[in-house]
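coords_36.pdb, holding PDB, C-alpha atoms:
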```
ATOM      1  CA  ASP G   1       4.452 -27.680 -15.856
ATOM      2  CA  TYR G   2       6.781 -25.181 -17.465
ATOM      3  CA  TYR G   3       9.305 -24.175 -14.820
ATOM      4  CA  GLY G   4      12.148 -21.875 -15.810
ATOM      5  CA  MET G   5      10.982 -21.359 -19.389
ATOM      6  CA  ILE G   6      13.524 -19.230 -21.258
ATOM      7  CA  VAL G   7      11.979 -16.654 -23.599
ATOM      8  CA  ASN G   8      14.213 -15.432 -26.405
ATOM      9  CA  SER G   9      13.722 -13.703 -29.757
ATOM     10  CA  SER G  10      12.266 -16.853 -31.342
ATOM     11  CA  THR G  11       9.832 -17.770 -28.544
ATOM     12  CA  PRO G  12       6.176 -16.646 -28.792
ATOM     13  CA  PHE G  13       4.467 -15.236 -25.701
ATOM     14  CA  PHE G  14       1.819 -17.902 -25.192
ATOM     15  CA  ASP G  15      -0.939 -17.070 -22.736
ATOM     16  CA  GLY G  16      -2.783 -19.484 -20.501
ATOM     17  CA  LYS G  17       0.096 -21.893 -19.855
ATOM     18  CA  ASN G  18       1.117 -23.280 -16.479
ATOM     19  CA  TYR G  19       4.361 -21.338 -16.368
ATOM     20  CA  LYS G  20       5.814 -20.916 -12.865
ATOM     21  CA  ARG G  21       8.805 -18.836 -13.900
ATOM     22  CA  VAL G  22       9.784 -17.087 -17.119
ATOM     23  CA  ILE G  23      13.261 -15.899 -18.073
ATOM     24  CA  ILE G  24      13.371 -13.232 -20.780
ATOM     25  CA  GLY G  25      16.501 -13.440 -22.918
ATOM     26  CA  LYS G  26      18.910 -10.633 -23.726
ATOM     27  CA  ASP G  27      17.717 -10.276 -27.332
ATOM     28  CA  ILE G  28      14.046  -9.526 -26.605
ATOM     29  CA  ARG G  29      13.354  -5.964 -27.760
ATOM     30  CA  GLN G  30       9.578  -5.534 -27.497
ATOM     31  CA  ILE G  31       7.062  -6.937 -25.033
ATOM     32  CA  GLY G  32       3.342  -6.158 -25.161
ATOM     33  CA  SER G  33       0.509  -7.584 -23.068
ATOM     34  CA  CYS G  34       1.691 -11.084 -22.251
ATOM     35  CA  PHE G  35       1.396 -14.029 -19.867
ATOM     36  CA  LEU G  36      -2.343 -13.614 -19.376
ATOM     37  CA  ASN G  37      -4.216 -16.426 -17.616
ATOM     38  CA  CYS G  38      -0.953 -17.795 -16.217
ATOM     39  CA  SER G  39      -2.200 -18.157 -12.663
ATOM     40  CA  LEU G  40       0.813 -20.148 -11.435
ATOM     41  CA  LEU G  41       3.379 -17.677 -12.719
ATOM     42  CA  ALA G  42       5.335 -16.342  -9.729
ATOM     43  CA  SER G  43       8.301 -14.636 -11.349
ATOM     44  CA  ILE G  44       9.284 -12.931 -14.614
ATOM     45  CA  ASP G  45      13.051 -12.619 -14.730
ATOM     46  CA  VAL G  46      15.221 -10.838 -17.299
ATOM     47  CA  ASP G  47      18.714 -11.546 -18.562
ATOM     48  CA  ALA G  48      21.041  -8.921 -17.070
ATOM     49  CA  PHE G  49      22.367  -8.085 -20.555
ATOM     50  CA  ASN G  50      18.955  -7.184 -21.963
ATOM     51  CA  PRO G  51      19.170  -3.441 -22.814
ATOM     52  CA  ASP G  52      15.420  -2.759 -22.729
ATOM     53  CA  TYR G  53      13.935  -4.649 -19.765
ATOM     54  CA  THR G  54      14.663  -5.551 -16.182
ATOM     55  CA  SER G  55      12.999  -7.385 -13.309
ATOM     56  CA  ILE G  56      12.655  -6.525  -9.630
ATOM     57  CA  ASP G  57      11.276  -9.137  -7.253
ATOM     58  CA  GLY G  58       9.889 -11.042 -10.226
ATOM     59  CA  VAL G  59       7.991  -8.054 -11.685
ATOM     60  CA  LEU G  60       8.793  -6.839 -15.214
ATOM     61  CA  TYR G  61       9.846  -3.198 -15.817
ATOM     62  CA  ASN G  62      11.487  -1.235 -18.591
ATOM     63  CA  LYS G  63      15.233  -0.852 -18.200
ATOM     64  CA  ASP G  64      15.002   2.597 -16.612
ATOM     65  CA  ILE G  65      12.425   1.287 -14.108
ATOM     66  CA  THR G  66       9.976   4.060 -15.006
ATOM     67  CA  THR G  67       7.181   1.790 -16.306
ATOM     68  CA  LEU G  68       5.808  -1.335 -14.662
ATOM     69  CA  ILE G  69       5.008  -3.625 -17.591
ATOM     70  CA  ARG G  70       3.770  -6.901 -16.138
ATOM     71  CA  CYS G  71       3.259  -8.462 -12.741
ATOM     72  CA  PRO G  72       3.041 -12.278 -12.670
ATOM     73  CA  GLU G  73      -0.419 -13.480 -11.722
ATOM     74  CA  GLY G  74       0.849 -15.565  -8.803
ATOM     75  CA  LYS G  75       2.073 -12.525  -6.848
ATOM     76  CA  GLU G  76       0.297 -11.663  -3.588
ATOM     77  CA  LYS G  77       2.105  -8.460  -2.578
ATOM     78  CA  VAL G  78       3.899  -5.826  -4.670
ATOM     79  CA  THR G  79       5.791  -2.687  -3.678
ATOM     80  CA  ILE G  80       6.435  -0.475  -6.703
ATOM     81  CA  PRO G  81       9.835   1.311  -6.782
ATOM     82  CA  HIS G  82       9.896   5.099  -6.383
ATOM     83  CA  SER G  83      11.367   5.555  -9.866
ATOM     84  CA  VAL G  84       8.183   4.314 -11.565
ATOM     85  CA  THR G  85       5.958   6.970 -13.170
ATOM     86  CA  GLU G  86       3.510   4.743 -15.059
ATOM     87  CA  ILE G  87       1.737   1.449 -14.405
ATOM     88  CA  GLY G  88       1.208   0.110 -17.903
ATOM     89  CA  THR G  89      -1.785  -1.319 -19.747
ATOM     90  CA  GLU G  90      -2.901  -4.680 -18.274
ATOM     91  CA  ALA G  91       0.137  -4.714 -15.987
ATOM     92  CA  PHE G  92      -1.790  -6.516 -13.214
ATOM     93  CA  HIS G  93      -4.525  -7.978 -15.425
ATOM     94  CA  GLY G  94      -5.861 -11.205 -13.916
ATOM     95  CA  CYS G  95      -3.665 -11.066 -10.807
ATOM     96  CA  SER G  96      -6.354 -12.750  -8.728
ATOM     97  CA  SER G  97      -3.889 -13.577  -5.918
ATOM     98  CA  LEU G  98      -2.909  -9.933  -5.361
ATOM     99  CA  ILE G  99      -3.952  -8.750  -1.895
ATOM    100  CA  GLU G 100      -1.643  -5.762  -1.354
ATOM    101  CA  ILE G 101       0.009  -3.160  -3.568
ATOM    102  CA  ARG G 102       1.949  -0.064  -2.584
ATOM    103  CA  ILE G 103       1.983   2.726  -5.182
ATOM    104  CA  PRO G 104       4.607   5.475  -4.676
ATOM    105  CA  HIS G 105       4.028   9.198  -5.193
ATOM    106  CA  SER G 106       6.200   9.081  -8.312
ATOM    107  CA  VAL G 107       3.391   7.397 -10.292
ATOM    108  CA  THR G 108       1.343   9.778 -12.469
ATOM    109  CA  ARG G 109      -0.584   7.408 -14.763
ATOM    110  CA  ILE G 110      -2.454   4.131 -14.359
ATOM    111  CA  GLY G 111      -3.112   2.501 -17.728
ATOM    112  CA  LEU G 112      -6.055   0.745 -19.355
ATOM    113  CA  ARG G 113      -7.314  -2.438 -17.660
ATOM    114  CA  THR G 114      -4.309  -2.249 -15.359
ATOM    115  CA  PHE G 115      -5.869  -4.095 -12.394
ATOM    116  CA  TYR G 116      -8.663  -5.831 -14.311
ATOM    117  CA  GLY G 117      -9.772  -8.973 -12.500
ATOM    118  CA  CYS G 118      -7.682  -8.528  -9.332
ATOM    119  CA  SER G 119     -10.437 -10.281  -7.422
ATOM    120  CA  SER G 120      -8.615 -10.602  -4.072
ATOM    121  CA  LEU G 121      -7.700  -6.912  -3.806
ATOM    122  CA  GLU G 122      -9.877  -5.320  -1.104
ATOM    123  CA  GLU G 123      -8.454  -1.824  -0.855
ATOM    124  CA  ILE G 124      -6.034   0.499  -2.596
ATOM    125  CA  VAL G 125      -4.698   3.991  -2.001
ATOM    126  CA  ILE G 126      -3.948   5.941  -5.164
ATOM    127  CA  PRO G 127      -1.473   8.753  -4.378
ATOM    128  CA  ASN G 128      -2.224  12.381  -5.205
ATOM    129  CA  SER G 129       0.475  12.330  -7.889
ATOM    130  CA  VAL G 130      -1.758  10.218 -10.183
ATOM    131  CA  SER G 131      -3.439  12.439 -12.781
ATOM    132  CA  ARG G 132      -5.046   9.770 -14.970
ATOM    133  CA  ILE G 133      -6.723   6.410 -14.302
ATOM    134  CA  GLY G 134      -7.349   4.436 -17.490
ATOM    135  CA  TRP G 135     -10.446   2.765 -18.891
ATOM    136  CA  SER G 136     -11.556  -0.322 -16.913
ATOM    137  CA  ALA G 137      -8.508   0.033 -14.675
ATOM    138  CA  PHE G 138     -10.161  -1.764 -11.724
ATOM    139  CA  GLU G 139     -13.035  -3.498 -13.484
ATOM    140  CA  ASN G 140     -13.926  -6.980 -12.172
ATOM    141  CA  CYS G 141     -12.075  -6.330  -8.909
ATOM    142  CA  THR G 142     -14.956  -8.025  -7.133
ATOM    143  CA  SER G 143     -13.600  -7.681  -3.565
ATOM    144  CA  LEU G 144     -12.598  -4.024  -3.880
ATOM    145  CA  SER G 145     -14.421  -1.995  -1.228
ATOM    146  CA  PHE G 146     -12.060   0.873  -0.379
ATOM    147  CA  VAL G 147     -10.373   3.207  -2.843
ATOM    148  CA  LYS G 148      -8.783   6.572  -2.224
ATOM    149  CA  ILE G 149      -8.727   8.671  -5.404
ATOM    150  CA  PRO G 150      -7.016  12.025  -5.995
ATOM    151  CA  ARG G 151      -9.686  14.683  -6.333
ATOM    152  CA  ASN G 152      -8.354  16.047  -9.637
ATOM    153  CA  ALA G 153      -7.512  12.744 -11.321
ATOM    154  CA  ASP G 154      -8.935  12.110 -14.796
ATOM    155  CA  VAL G 155     -10.901   8.889 -14.280
ATOM    156  CA  GLN G 156     -11.915   7.041 -17.442
ATOM    157  CA  THR G 157     -14.968   4.878 -18.204
ATOM    158  CA  ASN G 158     -15.736   1.754 -16.113
ATOM    159  CA  SER G 159     -12.689   2.334 -13.948
ATOM    160  CA  PHE G 160     -14.173   0.830 -10.767
ATOM    161  CA  PRO G 161     -16.583  -1.975  -9.773
ATOM    162  CA  LEU G 162     -20.314  -1.326  -9.538
ATOM    163  CA  SER G 163     -21.045  -2.613  -6.027
ATOM    164  CA  THR G 164     -19.059  -0.386  -3.669
ATOM    165  CA  THR G 165     -16.721   2.453  -4.486
ATOM    166  CA  ILE G 166     -15.054   5.569  -3.120
ATOM    167  CA  ILE G 167     -15.935   9.072  -4.223
ATOM    168  CA  ARG G 168     -13.363  11.774  -4.681
ATOM    169  CA  VAL G 169     -13.740  14.274  -1.860
ATOM    170  CA  ASP G 170     -13.001  17.958  -1.483
ATOM    171  CA  GLU G 171     -10.960  17.754   1.696
ATOM    172  CA  GLU G 172     -11.660  21.388   2.553
ATOM    173  CA  ASP G 173     -15.340  20.835   3.363
ATOM    174  CA  GLY G 174     -15.632  17.039   3.301
ATOM    175  CA  PHE G 175     -18.328  17.016   0.631
ATOM    176  CA  PRO G 176     -18.105  15.122  -2.677
ATOM    177  CA  HIS G 177     -18.031  17.648  -5.524
ATOM    178  CA  ASP G 178     -16.741  15.398  -8.280
ATOM    179  CA  THR G 179     -18.066  11.854  -8.301
ATOM    180  CA  VAL G 180     -17.090   8.665 -10.053
ATOM    181  CA  GLY G 181     -20.646   7.707 -10.702
ATOM    182  CA  GLY G 182     -23.943   8.807 -12.105
ATOM    183  CA  LYS G 183     -26.933   6.876 -10.745
ATOM    184  CA  GLN G 184     -27.239   6.323  -7.017
ATOM    185  CA  SER G 185     -30.066   5.177  -4.738
ATOM    186  CA  ASN G 186     -30.484   3.863  -1.180
ATOM    187  CA  GLN G 187     -26.958   4.925  -0.428
ATOM    188  CA  SER G 188     -25.166   5.106   2.896
ATOM    189  CA  TYR G 189     -22.049   7.216   3.293
ATOM    190  CA  SER G 190     -19.062   7.100   5.611
ATOM    191  CA  LEU G 191     -16.421   9.827   5.554
ATOM    192  CA  ASN G 192     -13.146   9.189   7.373
ATOM    193  CA  THR G 193     -10.542  11.651   8.637
ATOM    194  CA  ASP G 194      -8.410  11.192   5.504
ATOM    195  CA  GLY G 195     -11.131  12.739   3.372
ATOM    196  CA  VAL G 196     -12.267   9.429   1.891
ATOM    197  CA  LEU G 197     -15.972   8.862   1.372
ATOM    198  CA  SER G 198     -17.233   5.257   1.255
ATOM    199  CA  ILE G 199     -20.531   4.520  -0.483
ATOM    200  CA  SER G 200     -22.482   1.338   0.133
ATOM    201  CA  GLY G 201     -25.970   0.066  -0.513
ATOM    202  CA  PHE G 202     -27.876  -0.574  -3.708
ATOM    203  CA  ALA G 203     -26.501   1.475  -6.587
ATOM    204  CA  GLU G 204     -25.640   1.627 -10.218
ATOM    205  CA  ILE G 205     -22.238   3.254 -10.462
ATOM    206  CA  CYS G 206     -21.050   4.373 -13.868
ATOM    207  CA  ASP G 207     -18.534   6.897 -15.088
ATOM    208  CA  THR G 208     -19.834  10.216 -16.270
ATOM    209  CA  ILE G 209     -16.532  11.231 -17.862
ATOM    210  CA  GLU G 210     -16.300  10.951 -21.631
ATOM    211  CA  PHE G 211     -14.061   8.109 -22.796
ATOM    212  CA  ASP G 212     -10.792   9.232 -24.354
ATOM    213  CA  LYS G 213      -9.172   6.663 -26.647
ATOM    214  CA  ASP G 214      -5.730   8.086 -25.968
TER
END
```
Starting from the file, lay out its structure as C-alpha cells.
Amino acid sequence: DYYGMIVNSSTPFFDGKNYKRVIIGKDIRQIGSCFLNCSLLASIDVDAFNPDYTSIDGVLYNKDITTLIRCPEGKEKVTIPHSVTEIGTEAFHGCSSLIEIRIPHSVTRIGLRTFYGCSSLEEIVIPNSVSRIGWSAFENCTSLSFVKIPRNADVQTNSFPLSTTIIRVDEEDGFPHDTVGGKQSNQSYSLNTDGVLSISGFAEICDTIEFDKD
C-alpha cells in the first residue's frame, strides 16, 4: 500500500493505485483529472506553501476555495464550503463510498461527469443557485432515487440514471413543465410539499436538451 505518498513536480498522477493518502507538494502548479480508481484513498492533502491548491477535510480545492477539484474515492460524507461556486469535472468520479453530500447555495455550476459512478449515493438536493448541470454528471449513480433540480437549470445530456429520476417542477401549480426525459411509460408519480416530483416504474429516461461541448 502507498500511505502518505508525496506528490511533487516530478511525480506523475498514476490512477488505480492503492493510495490511502496523497500529499501534494508546494511546487505543483496544475492538476487535472487524477486519482481515478483509487478506492482506498481517504485524503488528498496539500503543502501549506502551495500557491495554487489547498485541502479541506481531505478534499482538494483551488487556493481561493471557489472550485472543488477532487474528492478522494474513500470519502463517505462531504460538506462543501460556502465559498465554492463550481464543482469541477470528474470531481467525485468513482466515489462509490459517498453516501451524503451537502451543496451550498454558492454553487452555480456542476461539471461534466462530476458524480459519475457514485453508486452509494441515494439522494441529492441541488440548490436553486445551480444554473448548469454538466454532461453525464450523475451517470452510473445506480442507487440514486431522489434528486431535487432547480427548475431553470440547464441540464446536459445523460445527466441522470435511467431507472428513477426527479422532474423539475413548476412550484406555482405543482405540474412538471420542463422535464429531464423524453420517453416515459407505465409511470407513477409522487409530488411532495417541496415541489419535487418522483417518477418510478418502467421508463426510458433520456435528455431532450441539445449537448453543448462547452
Residue contacts of range 69-84 of chain G (6 Å, only C-alpha atoms) excluding same-chain residues fewer than 5 positions away, as a VMD selection string: chain G and resid 39 to 43 59 to 61 91 to 92 95 97 to 104 106 to 107
The PyMOL selection byres ((chain G and resi 158) around 6) on the file shown: which residues, as a PDB file with C-alpha atoms, keeping the file's coordinate frame?
```pdb
ATOM      1  CA  SER G 136     -11.556  -0.322 -16.913  1.00  0.00           C
ATOM      2  CA  THR G 157     -14.968   4.878 -18.204  1.00  0.00           C
ATOM      3  CA  SER G 159     -12.689   2.334 -13.948  1.00  0.00           C
ATOM      4  CA  PHE G 160     -14.173   0.830 -10.767  1.00  0.00           C
ATOM      5  CA  ASP G 207     -18.534   6.897 -15.088  1.00  0.00           C
TER       6      ASP G 207
END
```
Atom pair CA of Val125 in chain G / CA of Thr142 in chain G: separation (Å): 16.6 Å
CA of Thr54 in chain G to CA of Asn128 in chain G, straight-line distance in Å: 27.0 Å
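One finds CA of Thr66 in chain G at 20.6 Å from CA of Asp154 in chain G.
Proximity ranking of G:Glu139, G:Leu144, G:Ala153, G:Ile124 relative to Arg109 in chain G places G:Ala153 first, based on all atoms listed in the file.
Here the question is which of G:Ile28, G:Ile56, G:Leu121, G:Ile126 gets nearest to His105 in chain G using all atoms listed in the file, and that residue is G:Ile126.
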Please expand the PyMOL selection byres ((chain G and resi 94) around 7) into the concrete residues it hits in this file, giving the result as a PDB file with C-alpha atoms, in the coordinates of the input.
```pdb
ATOM      1  CA  LEU G  36      -2.343 -13.614 -19.376  1.00  0.00           C
ATOM      2  CA  ASN G  37      -4.216 -16.426 -17.616  1.00  0.00           C
ATOM      3  CA  GLU G  73      -0.419 -13.480 -11.722  1.00  0.00           C
ATOM      4  CA  PHE G  92      -1.790  -6.516 -13.214  1.00  0.00           C
ATOM      5  CA  HIS G  93      -4.525  -7.978 -15.425  1.00  0.00           C
ATOM      6  CA  CYS G  95      -3.665 -11.066 -10.807  1.00  0.00           C
ATOM      7  CA  SER G  96      -6.354 -12.750  -8.728  1.00  0.00           C
ATOM      8  CA  TYR G 116      -8.663  -5.831 -14.311  1.00  0.00           C
ATOM      9  CA  GLY G 117      -9.772  -8.973 -12.500  1.00  0.00           C
ATOM     10  CA  CYS G 118      -7.682  -8.528  -9.332  1.00  0.00           C
TER      11      CYS G 118
END
```
Non-local contacts of Val155 in chain G (7 Å; only C-alpha atoms; under 6 positions in same chain excluded) as a ChimeraX atom specification: /G:132-134
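Residues lying within 7 Å of (16.4, -10.1, -24.2). Counted over all atoms listed in the file, they are Asn8, Ile24, Gly25, Lys26, Asp27, Ile28, Arg29, Asp47 and Asn50 of chain G.
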Edge lengths and centre in Å to one decimal, as lines of an AutoDock Vina configuration file, of the axis-aligned box that encloses all listed atoms of range 50-60 of chain G with 6 Å added on every side?
```
center_x = 13.6
center_y = -6.9
center_z = -15.0
size_x = 23.2
size_y = 20.3
size_z = 27.6
```
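Between Phe115 in chain G and the residues G:Ala137, G:Leu68, G:Val130, G:Ile87, the shortest atom-to-atom distance, using only C-alpha atoms, involves G:Ala137.
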Nearest to Lys63 in chain G, chosen from G:Asn18, G:Phe35, G:Gln30, G:Thr89, with all atoms listed in the file counted in the distances: G:Gln30
Please return range 124-135 of chain G, rebuilt to all heavy atoms, as a PDB file, keeping the file's coordinate frame.
```pdb
ATOM      1  N   ILE G 124      -7.208  -0.078  -1.939  1.00  0.00           N
ATOM      2  CA  ILE G 124      -6.034   0.499  -2.596  1.00  0.00           C
ATOM      3  C   ILE G 124      -6.038   2.005  -2.371  1.00  0.00           C
ATOM      4  O   ILE G 124      -7.097   2.638  -2.370  1.00  0.00           O
ATOM      5  CB  ILE G 124      -6.006   0.161  -4.106  1.00  0.00           C
ATOM      6  CG1 ILE G 124      -4.671   0.583  -4.725  1.00  0.00           C
ATOM      7  CG2 ILE G 124      -7.178   0.795  -4.835  1.00  0.00           C
ATOM      8  CD1 ILE G 124      -4.447   0.004  -6.106  1.00  0.00           C
ATOM      9  N   VAL G 125      -4.862   2.553  -2.137  1.00  0.00           N
ATOM     10  CA  VAL G 125      -4.698   3.991  -2.001  1.00  0.00           C
ATOM     11  C   VAL G 125      -3.930   4.491  -3.211  1.00  0.00           C
ATOM     12  O   VAL G 125      -2.802   4.079  -3.464  1.00  0.00           O
ATOM     13  CB  VAL G 125      -3.943   4.352  -0.702  1.00  0.00           C
ATOM     14  CG1 VAL G 125      -3.679   5.853  -0.648  1.00  0.00           C
ATOM     15  CG2 VAL G 125      -4.744   3.906   0.510  1.00  0.00           C
ATOM     16  N   ILE G 126      -4.571   5.362  -3.974  1.00  0.00           N
ATOM     17  CA  ILE G 126      -3.948   5.941  -5.164  1.00  0.00           C
ATOM     18  C   ILE G 126      -3.389   7.301  -4.775  1.00  0.00           C
ATOM     19  O   ILE G 126      -4.150   8.185  -4.356  1.00  0.00           O
ATOM     20  CB  ILE G 126      -4.962   6.068  -6.303  1.00  0.00           C
ATOM     21  CG1 ILE G 126      -5.507   4.680  -6.658  1.00  0.00           C
ATOM     22  CG2 ILE G 126      -4.329   6.727  -7.531  1.00  0.00           C
ATOM     23  CD1 ILE G 126      -6.619   4.695  -7.679  1.00  0.00           C
ATOM     24  N   PRO G 127      -2.075   7.504  -4.873  1.00  0.00           N
ATOM     25  CA  PRO G 127      -1.473   8.753  -4.378  1.00  0.00           C
ATOM     26  C   PRO G 127      -1.923   9.967  -5.179  1.00  0.00           C
ATOM     27  O   PRO G 127      -2.377   9.863  -6.328  1.00  0.00           O
ATOM     28  CB  PRO G 127       0.036   8.499  -4.532  1.00  0.00           C
ATOM     29  CG  PRO G 127       0.143   7.446  -5.583  1.00  0.00           C
ATOM     30  CD  PRO G 127      -1.063   6.587  -5.428  1.00  0.00           C
ATOM     31  N   ASN G 128      -1.789  11.139  -4.583  1.00  0.00           N
ATOM     32  CA  ASN G 128      -2.224  12.381  -5.205  1.00  0.00           C
ATOM     33  C   ASN G 128      -1.444  12.726  -6.472  1.00  0.00           C
ATOM     34  O   ASN G 128      -1.871  13.583  -7.247  1.00  0.00           O
ATOM     35  CB  ASN G 128      -2.111  13.545  -4.209  1.00  0.00           C
ATOM     36  CG  ASN G 128      -3.135  13.444  -3.101  1.00  0.00           C
ATOM     37  OD1 ASN G 128      -4.201  12.869  -3.285  1.00  0.00           O
ATOM     38  ND2 ASN G 128      -2.811  13.999  -1.943  1.00  0.00           N
ATOM     39  N   SER G 129      -0.324  12.077  -6.689  1.00  0.00           N
ATOM     40  CA  SER G 129       0.475  12.330  -7.889  1.00  0.00           C
ATOM     41  C   SER G 129      -0.185  11.794  -9.149  1.00  0.00           C
ATOM     42  O   SER G 129       0.125  12.232 -10.266  1.00  0.00           O
ATOM     43  CB  SER G 129       1.859  11.678  -7.731  1.00  0.00           C
ATOM     44  OG  SER G 129       1.723  10.284  -7.478  1.00  0.00           O
ATOM     45  N   VAL G 130      -1.125  10.844  -9.018  1.00  0.00           N
ATOM     46  CA  VAL G 130      -1.758  10.218 -10.183  1.00  0.00           C
ATOM     47  C   VAL G 130      -2.763  11.187 -10.797  1.00  0.00           C
ATOM     48  O   VAL G 130      -3.699  11.636 -10.140  1.00  0.00           O
ATOM     49  CB  VAL G 130      -2.454   8.895  -9.796  1.00  0.00           C
ATOM     50  CG1 VAL G 130      -3.250   8.347 -10.979  1.00  0.00           C
ATOM     51  CG2 VAL G 130      -1.420   7.879  -9.337  1.00  0.00           C
ATOM     52  N   SER G 131      -2.565  11.497 -12.083  1.00  0.00           N
ATOM     53  CA  SER G 131      -3.439  12.439 -12.781  1.00  0.00           C
ATOM     54  C   SER G 131      -4.410  11.750 -13.724  1.00  0.00           C
ATOM     55  O   SER G 131      -5.362  12.379 -14.193  1.00  0.00           O
ATOM     56  CB  SER G 131      -2.593  13.445 -13.577  1.00  0.00           C
ATOM     57  OG  SER G 131      -1.793  12.768 -14.542  1.00  0.00           O
ATOM     58  N   ARG G 132      -4.185  10.464 -14.014  1.00  0.00           N
ATOM     59  CA  ARG G 132      -5.046   9.770 -14.970  1.00  0.00           C
ATOM     60  C   ARG G 132      -5.185   8.301 -14.593  1.00  0.00           C
ATOM     61  O   ARG G 132      -4.188   7.626 -14.337  1.00  0.00           O
ATOM     62  CB  ARG G 132      -4.475   9.889 -16.384  1.00  0.00           C
ATOM     63  CG  ARG G 132      -5.382   9.320 -17.488  1.00  0.00           C
ATOM     64  CD  ARG G 132      -4.703   9.501 -18.837  1.00  0.00           C
ATOM     65  NE  ARG G 132      -5.474   8.957 -19.927  1.00  0.00           N
ATOM     66  CZ  ARG G 132      -6.396   9.627 -20.627  1.00  0.00           C
ATOM     67  NH1 ARG G 132      -6.645  10.877 -20.325  1.00  0.00           N
ATOM     68  NH2 ARG G 132      -7.044   9.065 -21.618  1.00  0.00           N
ATOM     69  N   ILE G 133      -6.420   7.819 -14.560  1.00  0.00           N
ATOM     70  CA  ILE G 133      -6.723   6.410 -14.302  1.00  0.00           C
ATOM     71  C   ILE G 133      -7.456   5.879 -15.522  1.00  0.00           C
ATOM     72  O   ILE G 133      -8.529   6.377 -15.875  1.00  0.00           O
ATOM     73  CB  ILE G 133      -7.570   6.234 -13.037  1.00  0.00           C
ATOM     74  CG1 ILE G 133      -6.815   6.802 -11.823  1.00  0.00           C
ATOM     75  CG2 ILE G 133      -7.914   4.769 -12.806  1.00  0.00           C
ATOM     76  CD1 ILE G 133      -7.629   6.839 -10.545  1.00  0.00           C
ATOM     77  N   GLY G 134      -6.874   4.887 -16.192  1.00  0.00           N
ATOM     78  CA  GLY G 134      -7.349   4.436 -17.490  1.00  0.00           C
ATOM     79  C   GLY G 134      -8.658   3.666 -17.470  1.00  0.00           C
ATOM     80  O   GLY G 134      -9.140   3.225 -16.424  1.00  0.00           O
ATOM     81  N   TRP G 135      -9.195   3.480 -18.647  1.00  0.00           N
ATOM     82  CA  TRP G 135     -10.446   2.765 -18.891  1.00  0.00           C
ATOM     83  C   TRP G 135     -10.401   1.362 -18.290  1.00  0.00           C
ATOM     84  O   TRP G 135      -9.437   0.626 -18.468  1.00  0.00           O
ATOM     85  CB  TRP G 135     -10.670   2.705 -20.396  1.00  0.00           C
ATOM     86  CG  TRP G 135     -11.863   1.936 -20.855  1.00  0.00           C
ATOM     87  CD1 TRP G 135     -13.162   2.316 -20.762  1.00  0.00           C
ATOM     88  CD2 TRP G 135     -11.853   0.661 -21.493  1.00  0.00           C
ATOM     89  NE1 TRP G 135     -13.984   1.358 -21.318  1.00  0.00           N
ATOM     90  CE2 TRP G 135     -13.201   0.322 -21.775  1.00  0.00           C
ATOM     91  CE3 TRP G 135     -10.847  -0.230 -21.867  1.00  0.00           C
ATOM     92  CZ2 TRP G 135     -13.562  -0.865 -22.398  1.00  0.00           C
ATOM     93  CZ3 TRP G 135     -11.199  -1.427 -22.493  1.00  0.00           C
ATOM     94  CH2 TRP G 135     -12.555  -1.722 -22.744  1.00  0.00           C
TER      95      TRP G 135
END
```
